[in-house]
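A.B. asks: Input file: protein.cif. Contents: mmCIF, C-alpha atoms.
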data_target
loop_
_atom_site.label_atom_id
_atom_site.label_comp_id
_atom_site.auth_asym_id
_atom_site.auth_seq_id
_atom_site.Cartn_x
_atom_site.Cartn_y
_atom_site.Cartn_z
CA MET A 1 -125.47 107.42 121.29
CA ASN A 2 -125.72 106.44 117.64
CA LEU A 3 -122.56 105.57 115.71
CA ALA A 4 -122.49 105.14 111.92
CA VAL A 5 -120.07 102.38 110.93
CA ASP A 6 -118.99 100.74 107.69
CA LEU A 7 -116.77 97.85 108.75
CA HIS A 8 -115.91 96.05 105.50
CA SER A 9 -113.70 97.50 102.78
CA HIS A 10 -110.70 96.67 100.64
CA SER A 11 -107.44 98.38 99.80
CA GLY A 12 -105.53 98.44 96.56
CA HIS A 13 -103.90 95.17 97.64
CA ALA A 14 -107.11 93.17 97.16
CA GLY A 15 -106.72 93.08 93.39
CA GLY A 16 -108.58 94.82 90.62
CA VAL A 17 -108.19 98.31 92.05
CA GLY A 18 -105.47 100.92 92.25
CA ASP A 19 -104.14 102.75 95.28
CA ILE A 20 -106.81 104.04 97.69
CA PRO A 21 -105.24 106.74 99.93
CA LEU A 22 -106.60 106.84 103.47
CA LYS A 23 -106.81 110.62 103.17
CA SER A 24 -109.31 110.23 100.31
CA VAL A 25 -111.24 107.65 102.31
CA SER A 26 -111.40 110.04 105.26
CA GLN A 27 -112.72 112.87 103.10
CA THR A 28 -115.51 110.66 101.76
CA MET A 29 -116.34 109.42 105.27
CA LYS A 30 -116.91 113.00 106.36
CA THR A 31 -119.18 113.70 103.39
CA LYS A 32 -121.20 110.55 103.97
CA GLY A 33 -121.32 110.82 107.77
CA ILE A 34 -119.53 107.50 108.40
CA GLN A 35 -117.75 107.74 111.76
CA VAL A 36 -115.86 104.41 111.84
CA PHE A 37 -114.60 102.60 108.73
CA GLY A 38 -112.88 99.25 108.25
CA THR A 39 -109.32 99.55 106.99
CA GLY A 40 -109.45 96.55 104.66
CA ASP A 41 -106.71 93.94 104.17
CA VAL A 42 -104.95 94.67 107.46
CA ILE A 43 -103.25 91.25 107.78
CA PHE A 44 -101.52 91.49 104.39
CA PRO A 45 -97.92 92.35 105.47
CA THR A 46 -97.45 95.26 103.07
CA ARG A 47 -100.77 96.73 104.14
CA THR A 48 -99.96 96.20 107.83
CA LYS A 49 -96.74 98.18 107.44
CA GLU A 50 -98.59 100.86 105.49
CA LEU A 51 -101.29 101.28 108.15
CA TRP A 52 -98.81 101.10 111.03
CA GLY A 53 -96.89 103.98 109.49
CA GLN A 54 -99.94 106.16 108.88
CA LEU A 55 -102.38 105.55 111.73
CA GLN A 56 -102.31 106.43 115.38
CA GLU A 57 -104.66 105.21 118.09
CA MET A 58 -107.16 107.95 118.97
CA LYS A 59 -109.89 106.05 120.79
CA GLU A 60 -109.53 102.62 122.40
CA GLY A 61 -108.91 100.28 119.44
CA LEU A 62 -109.76 102.94 116.84
CA PHE A 63 -107.20 104.75 114.73
CA SER A 64 -106.90 107.93 112.69
CA LEU A 65 -104.55 109.86 110.47
CA PRO A 66 -102.63 112.73 112.10
CA ASN A 67 -104.78 115.85 112.57
CA ASP A 68 -107.87 114.01 111.35
CA ASP A 69 -110.90 112.83 113.30
CA SER A 70 -112.08 110.05 110.96
CA LEU A 71 -111.76 106.74 112.79
CA PHE A 72 -110.63 103.39 111.40
CA ALA A 73 -111.08 99.87 112.77
CA LEU A 74 -108.46 97.26 111.86
CA GLN A 75 -110.22 94.87 109.49
CA THR A 76 -109.63 92.27 106.83
CA GLU A 77 -111.59 89.82 104.75
CA ILE A 78 -110.48 86.20 104.64
CA ILE A 79 -111.75 83.28 102.58
CA LEU A 80 -112.23 80.03 104.46
CA SER A 81 -111.96 76.91 102.31
CA VAL A 82 -112.71 73.40 103.56
CA LYS A 83 -113.57 69.92 102.23
CA LEU A 84 -116.79 68.71 103.81
CA LYS A 85 -118.23 65.20 103.71
CA GLY A 86 -120.95 64.84 101.12
CA TYR A 87 -119.71 67.65 98.88
CA LYS A 88 -117.57 67.09 95.80
CA GLN A 89 -116.04 70.54 95.72
CA LYS A 90 -114.43 72.51 98.51
CA ILE A 91 -116.76 74.85 100.34
CA MET A 92 -115.51 78.43 100.38
CA ALA A 93 -116.96 81.41 102.22
CA HIS A 94 -115.85 85.00 102.76
CA HIS A 95 -115.55 86.43 106.28
CA VAL A 96 -114.86 89.82 107.82
CA VAL A 97 -112.43 89.79 110.75
CA LEU A 98 -112.06 92.74 113.15
CA PHE A 99 -109.01 93.29 115.37
CA PRO A 100 -108.62 95.50 118.46
CA ASN A 101 -104.93 96.37 117.92
CA PHE A 102 -101.86 95.78 115.76
CA MET A 103 -100.53 93.14 118.18
CA SER A 104 -103.62 91.04 117.39
CA VAL A 105 -102.94 91.50 113.69
CA GLU A 106 -99.38 90.25 114.19
CA ARG A 107 -100.64 87.20 116.10
CA MET A 108 -103.03 86.44 113.26
CA GLN A 109 -100.12 86.56 110.83
CA CYS A 110 -98.16 84.20 113.07
CA LEU A 111 -101.06 81.74 113.11
CA MET A 112 -101.25 81.75 109.35
CA HIS A 113 -97.51 81.08 109.15
CA LYS A 114 -97.85 78.25 111.68
CA TRP A 115 -100.65 76.70 109.62
CA GLY A 116 -98.63 77.02 106.40
CA GLN A 117 -101.19 79.38 104.89
CA LYS A 118 -100.16 81.87 102.22
CA ASN A 119 -100.54 85.56 103.03
CA THR A 120 -99.62 86.97 99.65
CA ILE A 121 -102.86 88.72 98.66
CA GLY A 122 -105.07 91.28 100.37
CA ARG A 123 -107.89 88.78 100.85
CA PRO A 124 -106.08 85.55 101.80
CA PHE A 125 -107.36 81.97 101.82
CA ILE A 126 -107.24 79.76 104.90
CA VAL A 127 -107.55 76.18 103.67
CA SER A 128 -108.51 73.35 106.04
CA GLU A 129 -108.68 69.61 105.45
CA ASP A 130 -111.96 69.09 107.27
CA MET A 131 -114.54 70.81 109.45
CA GLN A 132 -112.73 69.91 112.69
CA GLU A 133 -109.48 71.50 111.54
CA GLN A 134 -111.32 74.57 110.38
CA SER A 135 -113.24 74.85 113.65
CA ASP A 136 -110.01 74.54 115.63
CA ARG A 137 -108.40 77.27 113.54
CA LEU A 138 -111.36 79.58 114.00
CA PHE A 139 -111.18 79.07 117.75
CA GLY A 140 -107.45 79.83 117.45
CA ILE A 141 -108.21 83.16 115.79
CA LYS A 142 -110.77 84.03 118.46
CA ALA A 143 -108.21 83.15 121.15
CA ILE A 144 -105.90 85.90 119.87
CA HIS A 145 -107.93 88.44 121.83
CA PRO A 146 -111.42 88.44 123.42
CA LEU A 147 -112.46 91.30 121.12
CA VAL A 148 -111.53 89.68 117.81
CA GLU A 149 -114.76 89.22 115.85
CA ILE A 150 -115.37 86.88 112.90
CA ILE A 151 -118.39 87.76 110.74
CA PRO A 152 -119.71 85.77 107.75
CA ALA A 153 -119.65 88.25 104.85
CA HIS A 154 -122.48 88.84 102.33
CA VAL A 155 -124.00 85.57 103.48
CA MET A 156 -126.34 84.91 100.54
CA THR A 157 -124.23 85.97 97.54
CA PRO A 158 -122.52 83.15 95.60
CA ASP A 159 -119.32 83.53 97.67
CA GLY A 160 -121.18 83.76 100.98
CA ILE A 161 -121.65 80.95 103.46
CA LEU A 162 -125.20 80.16 102.24
CA GLY A 163 -124.60 81.23 98.65
CA SER A 164 -125.42 79.18 95.60
CA LYS A 165 -121.83 78.07 94.96
CA ASN A 166 -121.79 76.22 98.26
CA ASN A 167 -125.42 75.08 98.30
CA LEU A 168 -125.26 74.31 102.02
CA SER A 169 -128.52 73.61 103.80
CA SER A 170 -127.15 74.81 107.14
CA ILE A 171 -124.29 77.00 108.35
CA SER A 172 -123.66 74.45 111.11
CA GLU A 173 -122.33 72.10 108.41
CA PHE A 174 -119.54 74.58 107.83
CA TYR A 175 -118.62 75.77 111.33
CA GLY A 176 -119.10 72.72 113.52
CA GLU A 177 -118.53 73.61 117.17
CA PHE A 178 -117.55 77.15 116.22
CA ILE A 179 -121.17 77.95 115.35
CA SER A 180 -121.60 79.09 118.97
CA GLU A 181 -119.21 81.99 118.24
CA ILE A 182 -121.09 83.31 115.20
CA ASP A 183 -123.13 86.19 116.62
CA VAL A 184 -123.16 88.55 113.64
CA ILE A 185 -123.79 88.23 109.91
CA GLU A 186 -123.40 90.70 107.05
CA THR A 187 -126.46 91.12 104.83
CA GLY A 188 -124.65 91.91 101.56
CA LEU A 189 -125.82 94.05 98.65
CA SER A 190 -128.33 91.52 97.25
CA ALA A 191 -130.28 90.88 100.46
CA ASP A 192 -131.78 92.85 103.35
CA PRO A 193 -132.88 91.92 106.89
CA PHE A 194 -136.47 91.23 105.78
CA MET A 195 -135.18 88.55 103.43
CA LEU A 196 -132.65 87.07 105.84
CA GLU A 197 -135.12 86.84 108.72
CA GLN A 198 -136.92 84.21 106.62
CA VAL A 199 -133.96 81.83 107.07
CA PRO A 200 -134.39 80.13 110.48
CA GLU A 201 -130.66 79.88 111.27
CA LEU A 202 -130.12 83.58 110.61
CA ALA A 203 -133.26 85.01 112.17
CA ASN A 204 -131.76 85.63 115.61
CA LYS A 205 -128.30 86.81 114.52
CA THR A 206 -127.21 90.43 114.61
CA MET A 207 -127.48 91.72 111.05
CA ILE A 208 -125.13 94.43 109.86
CA SER A 209 -124.57 96.12 106.53
CA ASN A 210 -121.27 97.30 105.09
CA SER A 211 -120.18 98.69 101.75
CA ASP A 212 -117.55 96.02 100.92
CA CYS A 213 -116.10 98.77 98.75
CA HIS A 214 -112.92 98.83 96.67
CA SER A 215 -112.90 102.60 96.24
CA ALA A 216 -113.03 105.93 98.07
CA ALA A 217 -115.78 107.18 95.74
CA LEU A 218 -118.97 108.80 97.07
CA ASN A 219 -121.13 106.05 95.62
CA ARG A 220 -119.04 103.28 97.19
CA ILE A 221 -118.08 104.15 100.79
CA GLY A 222 -121.16 103.92 103.00
CA ARG A 223 -123.40 102.63 100.21
CA GLU A 224 -124.49 100.28 102.98
CA PHE A 225 -123.80 101.04 106.64
CA THR A 226 -124.92 100.21 110.17
CA MET A 227 -126.10 102.58 112.87
CA LEU A 228 -125.12 101.15 116.26
CA ASN A 229 -126.24 102.14 119.75
CA VAL A 230 -123.09 102.57 121.88
CA GLU A 231 -122.24 104.01 125.28
CA GLU A 232 -119.05 105.59 123.98
CA ILE A 233 -116.95 105.66 120.83
CA SER A 234 -114.46 102.82 121.17
CA TYR A 235 -113.66 99.52 119.47
CA ARG A 236 -114.79 97.64 122.58
CA GLU A 237 -118.21 99.32 122.49
CA ILE A 238 -118.60 98.52 118.81
CA ILE A 239 -117.94 94.82 119.43
CA TYR A 240 -120.29 94.78 122.42
CA ALA A 241 -122.99 96.45 120.31
CA LEU A 242 -122.55 93.84 117.58
CA ARG A 243 -122.67 90.90 119.99
CA ARG A 244 -125.68 92.29 121.85
CA ASN A 245 -127.58 93.24 118.70
CA ASN A 246 -127.61 96.92 119.64
CA VAL A 247 -128.38 97.96 116.07
CA ALA A 248 -130.55 101.05 115.66
CA PHE A 249 -130.97 100.36 111.94
CA THR A 250 -129.09 99.35 108.82
CA ALA A 251 -128.96 101.22 105.52
CA GLU A 252 -129.32 98.76 102.67
CA PHE A 253 -129.20 98.56 98.92
CA ASN A 254 -132.60 97.69 97.59
CA PRO A 255 -131.80 93.98 97.02
CA GLY A 256 -132.89 94.31 93.39
CA GLU A 257 -129.90 96.57 92.82
CA GLY A 258 -127.47 93.90 93.99
CA ARG A 259 -125.58 91.93 91.37
CA TYR A 260 -126.88 88.51 92.44
CA TYR A 261 -130.53 89.07 93.34
CA SER A 262 -132.16 87.23 90.42
CA THR A 263 -131.35 83.98 88.64
CA GLY A 264 -130.21 84.47 85.06
CA HIS A 265 -127.40 84.69 82.52
CA ARG A 266 -125.79 87.85 81.19
CA ALA A 267 -125.88 88.70 77.50
CA ASP A 268 -122.11 88.25 77.17
CA ARG A 269 -122.16 84.63 78.34
CA PRO A 270 -121.04 82.03 75.77
CA GLY A 271 -124.00 81.07 73.63
CA HIS A 272 -125.98 84.22 74.46
CA SER A 273 -127.00 87.05 72.16
CA GLU A 274 -129.15 88.59 74.90
CA ALA A 275 -129.67 88.24 78.62
CA TYR A 276 -132.07 85.70 80.12
CA ILE A 277 -133.67 86.13 83.55
CA SER A 278 -135.50 83.16 85.03
CA SER A 279 -138.82 83.66 86.80
CA LYS A 280 -139.36 79.99 87.63
CA GLN A 281 -138.27 78.70 91.03
CA ASP A 282 -137.51 75.21 89.70
CA GLU A 283 -135.71 76.28 86.50
CA THR A 284 -132.05 75.32 86.89
CA ILE A 285 -130.83 75.09 83.28
CA CYS A 286 -130.66 78.12 81.02
CA PRO A 287 -132.85 77.52 77.96
CA VAL A 288 -130.58 79.74 75.86
CA CYS A 289 -127.18 78.08 76.42
CA ASN A 290 -128.27 74.85 78.17
CA LYS A 291 -125.84 75.41 81.04
CA PRO A 292 -126.70 75.61 84.78
CA PHE A 293 -127.74 78.95 86.16
CA LEU A 294 -125.99 80.57 89.10
CA PRO A 295 -129.11 80.80 91.32
CA GLY A 296 -129.93 84.26 92.61
CA VAL A 297 -130.25 85.28 96.25
CA GLU A 298 -134.04 85.53 95.98
CA ARG A 299 -134.20 81.86 94.97
CA ARG A 300 -131.76 80.73 97.67
CA ILE A 301 -133.84 82.49 100.34
CA LYS A 302 -136.96 80.61 99.26
CA GLN A 303 -135.07 77.31 99.26
CA LEU A 304 -133.78 77.83 102.79
CA ALA A 305 -136.92 79.38 104.29
CA GLY A 306 -139.13 76.33 103.82
CA ASP A 307 -142.27 76.65 105.95
CA TYR A 308 -140.62 78.87 108.55
CA LYS A 309 -142.82 81.79 109.62
CA ALA A 310 -140.55 84.79 110.03
CA LYS A 311 -141.00 87.51 112.62
CA HIS A 312 -139.87 90.68 110.91
CA THR A 313 -138.42 92.93 113.61
CA ARG A 314 -135.35 94.60 112.10
CA LYS A 315 -135.27 98.29 111.30
CA PHE A 316 -133.65 99.18 108.01
CA HIS A 317 -133.83 101.66 105.16
CA HIS A 318 -133.41 101.10 101.43
CA LEU A 319 -131.16 103.94 100.31
CA LEU A 320 -129.32 105.04 97.21
CA PRO A 321 -125.96 106.79 97.33
CA LEU A 322 -126.97 110.46 97.27
CA VAL A 323 -124.65 111.25 94.37
CA GLU A 324 -126.41 108.57 92.29
CA ALA A 325 -129.81 109.90 93.32
CA VAL A 326 -128.83 113.40 92.23
CA ALA A 327 -127.49 112.14 88.89
CA LEU A 328 -130.77 110.30 88.34
CA THR A 329 -132.85 113.43 89.02
CA LEU A 330 -130.74 115.31 86.46
CA GLY A 331 -130.96 112.56 83.88
CA VAL A 332 -127.17 112.22 83.59
CA LYS A 333 -125.17 108.99 83.63
CA SER A 334 -121.98 110.30 85.22
CA ILE A 335 -121.86 111.14 88.93
CA THR A 336 -118.82 113.39 88.42
CA THR A 337 -120.42 116.14 86.31
CA ALA A 338 -120.39 119.77 87.43
CA LYS A 339 -124.22 119.77 87.65
CA VAL A 340 -124.19 116.86 90.09
CA ALA A 341 -121.42 118.47 92.16
CA LYS A 342 -123.37 121.74 92.36
CA ILE A 343 -126.50 120.09 93.80
CA MET A 344 -124.44 117.89 96.12
CA ASN A 345 -122.74 121.00 97.49
CA ILE A 346 -126.10 122.67 98.09
CA ILE A 347 -127.47 119.66 99.98
CA LEU A 348 -124.31 119.17 102.04
CA SER A 349 -124.14 122.88 102.91
CA ILE A 350 -127.57 122.49 104.55
CA TRP A 351 -127.38 119.04 106.16
CA GLY A 352 -123.63 118.57 106.58
CA THR A 353 -123.59 114.88 105.68
CA GLU A 354 -125.45 112.53 103.37
CA ILE A 355 -126.73 110.48 106.30
CA ASN A 356 -128.23 113.59 107.90
CA PHE A 357 -130.03 114.33 104.65
CA TRP A 358 -131.55 110.86 104.35
CA LEU A 359 -132.64 110.86 108.00
CA SER A 360 -134.37 114.25 107.72
CA PRO A 361 -138.19 114.44 107.50
CA ILE A 362 -139.53 114.89 103.98
CA GLY A 363 -141.25 118.12 104.98
CA GLU A 364 -137.91 119.58 106.05
CA ILE A 365 -136.32 118.60 102.73
CA GLU A 366 -139.14 120.18 100.75
CA GLN A 367 -139.05 123.34 102.86
CA LYS A 368 -135.27 123.85 102.83
CA LEU A 369 -134.77 123.08 99.15
CA GLY A 370 -138.01 124.72 97.95
CA ASN A 371 -136.49 128.06 96.96
CA ILE A 372 -133.17 126.62 95.79
CA LEU A 373 -133.77 123.64 93.47
CA ASP A 374 -136.28 122.99 90.70
CA ASP A 375 -139.50 121.28 91.77
CA ASN A 376 -138.86 118.22 89.58
CA ILE A 377 -135.50 117.65 91.26
CA ILE A 378 -137.02 117.97 94.74
CA GLU A 379 -139.88 115.65 93.78
CA ALA A 380 -137.47 112.98 92.55
CA LEU A 381 -135.31 113.22 95.69
CA VAL A 382 -138.43 112.93 97.86
CA LYS A 383 -139.53 109.83 95.93
CA ILE A 384 -136.18 108.22 96.54
CA HIS A 385 -136.33 109.26 100.22
CA ARG A 386 -139.70 107.50 100.49
CA GLY A 387 -138.33 104.39 98.85
CA SER A 388 -140.41 104.89 95.72
CA PHE A 389 -137.90 103.27 93.43
CA THR A 390 -137.25 99.83 92.07
CA PHE A 391 -134.91 98.02 89.73
CA GLY A 392 -135.94 96.61 86.40
CA PRO A 393 -134.45 94.35 85.56
CA ALA A 394 -133.14 93.48 89.00
CA GLY A 395 -129.49 92.51 89.34
CA PHE A 396 -128.45 89.08 88.10
CA ASP A 397 -125.34 87.08 87.18
CA GLY A 398 -122.94 89.84 88.23
CA GLU A 399 -124.91 92.75 86.73
CA TYR A 400 -126.29 95.55 88.91
CA GLY A 401 -130.03 96.23 88.69
CA VAL A 402 -131.32 99.12 86.55
CA LEU A 403 -132.77 101.91 88.69
CA LYS A 404 -136.29 103.20 88.04
CA LEU A 405 -138.45 105.65 89.98
CA ILE A 406 -141.99 104.55 90.77
#
When written as structure tokens, how does the structure in this file appear?

C.D. replies:
Amino acid sequence: MNLAVDLHSHSGHAGGVGDIPLKSVSQTMKTKGIQVFGTGDVIFPTRTKELWGQLQEMKEGLFSLPNDDSLFALQTEIILSVKLKGYKQKIMAHHVVLFPNFMSVERMQCLMHKWGQKNTIGRPFIVSEDMQEQSDRLFGIKAIHPLVEIIPAHVMTPDGILGSKNNLSSISEFYGEFISEIDVIETGLSADPFMLEQVPELANKTMISNSDCHSAALNRIGREFTMLNVEEISYREIIYALRRNNVAFTAEFNPGEGRYYSTGHRADRPGHSEAYISSKQDETICPVCNKPFLPGVERRIKQLAGDYKAKHTRKFHHLLPLVEAVALTLGVKSITTAKVAKIMNIILSIWGTEINFWLSPIGEIEQKLGNILDDNIIEALVKIHRGSFTFGPAGFDGEYGVLKLI
């Protein structure tokens, strides 16, 4: 059976966001059609206590609120930081960690205490002196339970393992012996499987997509998700599906929408009166402010691909959050207007969930909405369904891309 999962999120403890009630998350999951969602920040002690008090195990290793069928997997993001030979600065990379039960979470907390690592923020750092110490610690985390999974997060963004801040030429430089345990990678909002298959080290890994959201909003939860093939709904089956690459498809941002796709500098950078986007592969210094660019994901992919001839085999869809698509068809900037809500309610009354809508044949959409919505609205939704949209300019230097229909 197919199972829609979004396994990377954050709570209000991750910084920069307010409280995110699980009840609100559950409501959005139902609207989107996400069946299993990552809790976010589960190893942060306050969050652990919070989740322990609210959740109950409903399926093996999956949890829910009382009288609610939305399922949660215990998940956190950690930042691994290590000093590697040949690099002046510490190498840092974000990782998703999945846990099968609260006992495993407690053991993770004990390990961090043993290592003298702070656990005072929702997304904690684990700092190692060298690659060997880091590798040993990663093996220690895996030894907590056979079903603990460690996944490099948004691998090509600046804070990802192969991102421009690190400038690694190989992920083996970072993991050492632990590389044998890296089965799964997260694509991130500024890349898709087609791009990542061009990087030889990543080509054979399981590729998953998650929202990495800090909100329960309709345009955040499930903005990227993964459809897994599983035998049954359980945490164990999810991990097996990830390790065996049983991915039916992923739903992706168009990479041009992601905030780090292109190389450039924002208009609000010191020395800038307007934005500058570089189109030259070898341009490393901004001609406006004479400071180094933060290279975009597109450029990093080309650097790492070399002469490798990729075999493009992954199934994926470029999707927009439906509420954003509806707002675009109406020509409004806010996704919370009454007009947007009205059309969303019409669509959801027919298809039940956003995922069902996007997976429906175009002919069915045209037929079912034909006597309900204006033709121009239907035409725009069909264009988006077909992938007839782009971003101009594409995202760069922390700015999302600007959406345009083709």

A.B. asks: Return the padded bounding box of range 366-379 of chain A as AutoDock Vina command-line options: axis-aligned, built from all atoms listed in the file, 8 Å added on each side, with centre and edge lengths in Å to one decimal.

C.D. replies:
--center_x -136.5 --center_y 121.9 --center_z 96.2 --size_x 22.7 --size_y 28.4 --size_z 29.3

A.B. asks: Which residues are close to Arg300 in chain A, i.e. within 10 Å by all atoms listed in the file, leaving aside same-chain residues fewer than 3 positions away? Reply as a VMD selection string.

C.D. replies: chain A and resid 156 to 158 162 to 164 167 169 199 261 to 263 281 295 to 297 303 to 305

A.B. asks: Measuring atom to atom with all atoms listed in the file, identify which of A:Lys59, A:Arg236, A:His95, A:His317 is nearest to Ile151 in chain A.

C.D. replies: A:His95

A.B. asks: Using all atoms listed in the file, can you tell me which of A:Arg386, A:Ala394, A:Phe194, A:Lys333 comes closest to Ile277 in chain A?

C.D. replies: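 Smallest separation from Ile277 in chain A among the options: A:Ala394.
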
A.B. asks: Which one of A:Asn254, A:Thr390, A:Thr31, A:Asn67 sits closest to Thr187 in chain A if you count only C-alpha atoms?

C.D. replies: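 Smallest separation from Thr187 in chain A among the options: A:Asn254.
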
A.B. asks: Which residues, named as in the file, does the PyMOL selection byres ((chain A and resi 155) around 12) pick out? Answer as an MDAnalysis selection string.

C.D. replies: chainID A and resid 92:96 151:154 156:168 170:171 184:193 195:196 199 201:202 205 207:209 260 297 300:301

A.B. asks: I'd like the neighbourhood of Lys309 in chain A as a count of residues only, where a residue qualifies if any of its atoms comes within 10 Å (using all atoms listed in the file), though same-chain residues fewer than 6 positions away should be ignored.

C.D. replies: 4

A.B. asks: With the file shown as input, list the residues that the PyMOL selection byres ((chain A and resi 72) around 10) selects, as an mmCIF file with C-alpha atoms, in the coordinates of the input.

C.D. replies:
data_model
loop_
_atom_site.group_PDB
_atom_site.id
_atom_site.type_symbol
_atom_site.label_atom_id
_atom_site.label_comp_id
_atom_site.auth_asym_id
_atom_site.auth_seq_id
_atom_site.Cartn_x
_atom_site.Cartn_y
_atom_site.Cartn_z
ATOM 1 C CA VAL A 5 -120.070 102.380 110.930
ATOM 2 C CA ASP A 6 -118.990 100.740 107.690
ATOM 3 C CA LEU A 7 -116.770 97.850 108.750
ATOM 4 C CA LEU A 22 -106.600 106.840 103.470
ATOM 5 C CA SER A 26 -111.400 110.040 105.260
ATOM 6 C CA GLN A 35 -117.750 107.740 111.760
ATOM 7 C CA VAL A 36 -115.860 104.410 111.840
ATOM 8 C CA PHE A 37 -114.600 102.600 108.730
ATOM 9 C CA GLY A 38 -112.880 99.250 108.250
ATOM 10 C CA THR A 39 -109.320 99.550 106.990
ATOM 11 C CA GLY A 40 -109.450 96.550 104.660
ATOM 12 C CA LEU A 55 -102.380 105.550 111.730
ATOM 13 C CA GLN A 56 -102.310 106.430 115.380
ATOM 14 C CA GLU A 57 -104.660 105.210 118.090
ATOM 15 C CA MET A 58 -107.160 107.950 118.970
ATOM 16 C CA LYS A 59 -109.890 106.050 120.790
ATOM 17 C CA GLY A 61 -108.910 100.280 119.440
ATOM 18 C CA LEU A 62 -109.760 102.940 116.840
ATOM 19 C CA PHE A 63 -107.200 104.750 114.730
ATOM 20 C CA SER A 64 -106.900 107.930 112.690
ATOM 21 C CA LEU A 65 -104.550 109.860 110.470
ATOM 22 C CA ASP A 69 -110.900 112.830 113.300
ATOM 23 C CA SER A 70 -112.080 110.050 110.960
ATOM 24 C CA LEU A 71 -111.760 106.740 112.790
ATOM 25 C CA ALA A 73 -111.080 99.870 112.770
ATOM 26 C CA LEU A 74 -108.460 97.260 111.860
ATOM 27 C CA GLN A 75 -110.220 94.870 109.490
ATOM 28 C CA TYR A 235 -113.660 99.520 119.470
#

A.B. asks: Applying 9 Å and all atoms listed in the file, which residues near range 351-362 of chain A remain after dropping the ones on its own chain fewer than 5 positions away? List them as a list in words.

C.D. replies: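 Once the adjacent positions are removed, what remains is Ala4, Lys30, Thr31, Lys32, Gly33, Ile34, Leu319, Pro321, Leu322, Ile346, Gln367, Val382, His385 and Arg386 of chain A.
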
A.B. asks: Between CA of Ser11 in chain A and CA of Ser211 in chain A, what is the distance, to one decimal in Å?

C.D. replies: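 Result for CA of Ser11 in chain A versus CA of Ser211 in chain A: 12.9 Å, one decimal.
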
A.B. asks: Quick one: residues within 7 Å of Val402 in chain A, only C-alpha atoms, excluding same-chain residues fewer than 2 positions away - as a list in words?

C.D. replies: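 With the cut-off at 7 Å, the set is Glu257, Phe391, Gly392, Pro393, Ala394, Tyr400 and Lys404 of chain A.
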
A.B. asks: How many Å separate CA of His145 in chain A from CA of Asn101 in chain A?

C.D. replies: 9.3 Å

A.B. asks: Between A:Glu399, A:Glu364, A:Asp282, A:Glu379, which has the minimum distance to Lys302 in chain A (counting all atoms listed in the file)?

C.D. replies: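 When distances to Lys302 in chain A are compared using all atoms listed in the file, the smallest one comes from A:Asp282.
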
A.B. asks: Of the candidates A:Cys286, A:Arg314, A:Lys118, A:Leu381, which one gets nearest to Val247 in chain A if we count only C-alpha atoms?

C.D. replies: A:Arg314

A.B. asks: On this file, the PyMOL selection byres ((chain A and resi 266-272) around 7) gives some set of residues; write that set as a ChimeraX atom specification.

C.D. replies: /A:264-265,273-276,288-289,397

A.B. asks: Expressed in Å to a single decimal, how great is the separation between CA of Glu60 in chain A and CA of Asn229 in chain A?

C.D. replies: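 Separation of CA of Glu60 in chain A and CA of Asn229 in chain A: 16.9 Å.
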
A.B. asks: For a quick check of understanding, using all atoms listed in the file, which of A:Phe249, A:Phe125, A:Trp115, A:Phe44 has the smallest distance to Ile78 in chain A?

C.D. replies: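 Checking each candidate against Ile78 in chain A, we get A:Phe125 as the closest.
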
A.B. asks: Any chance you could model N, CA and C atoms for range 213-222 of chain A and send them as a PDB file, in the coordinates of the input?

C.D. replies:
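Once everything was written out, this is selection_36.pdb:
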ATOM      1  N   CYS A 213    -116.513  97.953  99.896  1.00  0.00           N
ATOM      2  CA  CYS A 213    -116.100  98.770  98.750  1.00  0.00           C
ATOM      3  C   CYS A 213    -114.620  98.592  98.427  1.00  0.00           C
ATOM      4  N   HIS A 214    -114.293  98.862  97.174  1.00  0.00           N
ATOM      5  CA  HIS A 214    -112.920  98.830  96.670  1.00  0.00           C
ATOM      6  C   HIS A 214    -112.549 100.212  96.137  1.00  0.00           C
ATOM      7  N   SER A 215    -113.056 101.250  96.771  1.00  0.00           N
ATOM      8  CA  SER A 215    -112.900 102.600  96.240  1.00  0.00           C
ATOM      9  C   SER A 215    -113.210 103.608  97.336  1.00  0.00           C
ATOM     10  N   ALA A 216    -112.695 104.834  97.155  1.00  0.00           N
ATOM     11  CA  ALA A 216    -113.030 105.930  98.070  1.00  0.00           C
ATOM     12  C   ALA A 216    -114.124 106.816  97.482  1.00  0.00           C
ATOM     13  N   ALA A 217    -114.785 106.362  96.427  1.00  0.00           N
ATOM     14  CA  ALA A 217    -115.780 107.180  95.740  1.00  0.00           C
ATOM     15  C   ALA A 217    -117.036 107.376  96.596  1.00  0.00           C
ATOM     16  N   LEU A 218    -117.765 108.456  96.313  1.00  0.00           N
ATOM     17  CA  LEU A 218    -118.970 108.800  97.070  1.00  0.00           C
ATOM     18  C   LEU A 218    -120.087 107.772  96.905  1.00  0.00           C
ATOM     19  N   ASN A 219    -120.098 107.054  95.811  1.00  0.00           N
ATOM     20  CA  ASN A 219    -121.130 106.050  95.620  1.00  0.00           C
ATOM     21  C   ASN A 219    -120.674 104.658  96.049  1.00  0.00           C
ATOM     22  N   ARG A 220    -119.549 104.570  96.721  1.00  0.00           N
ATOM     23  CA  ARG A 220    -119.040 103.280  97.190  1.00  0.00           C
ATOM     24  C   ARG A 220    -118.950 103.235  98.724  1.00  0.00           C
ATOM     25  N   ILE A 221    -118.165 104.111  99.329  1.00  0.00           N
ATOM     26  CA  ILE A 221    -118.080 104.150 100.790  1.00  0.00           C
ATOM     27  C   ILE A 221    -119.461 104.458 101.362  1.00  0.00           C
ATOM     28  N   GLY A 222    -119.878 103.665 102.346  1.00  0.00           N
ATOM     29  CA  GLY A 222    -121.160 103.920 103.000  1.00  0.00           C
ATOM     30  C   GLY A 222    -122.371 103.650 102.143  1.00  0.00           C
TER      31      GLY A 222
END
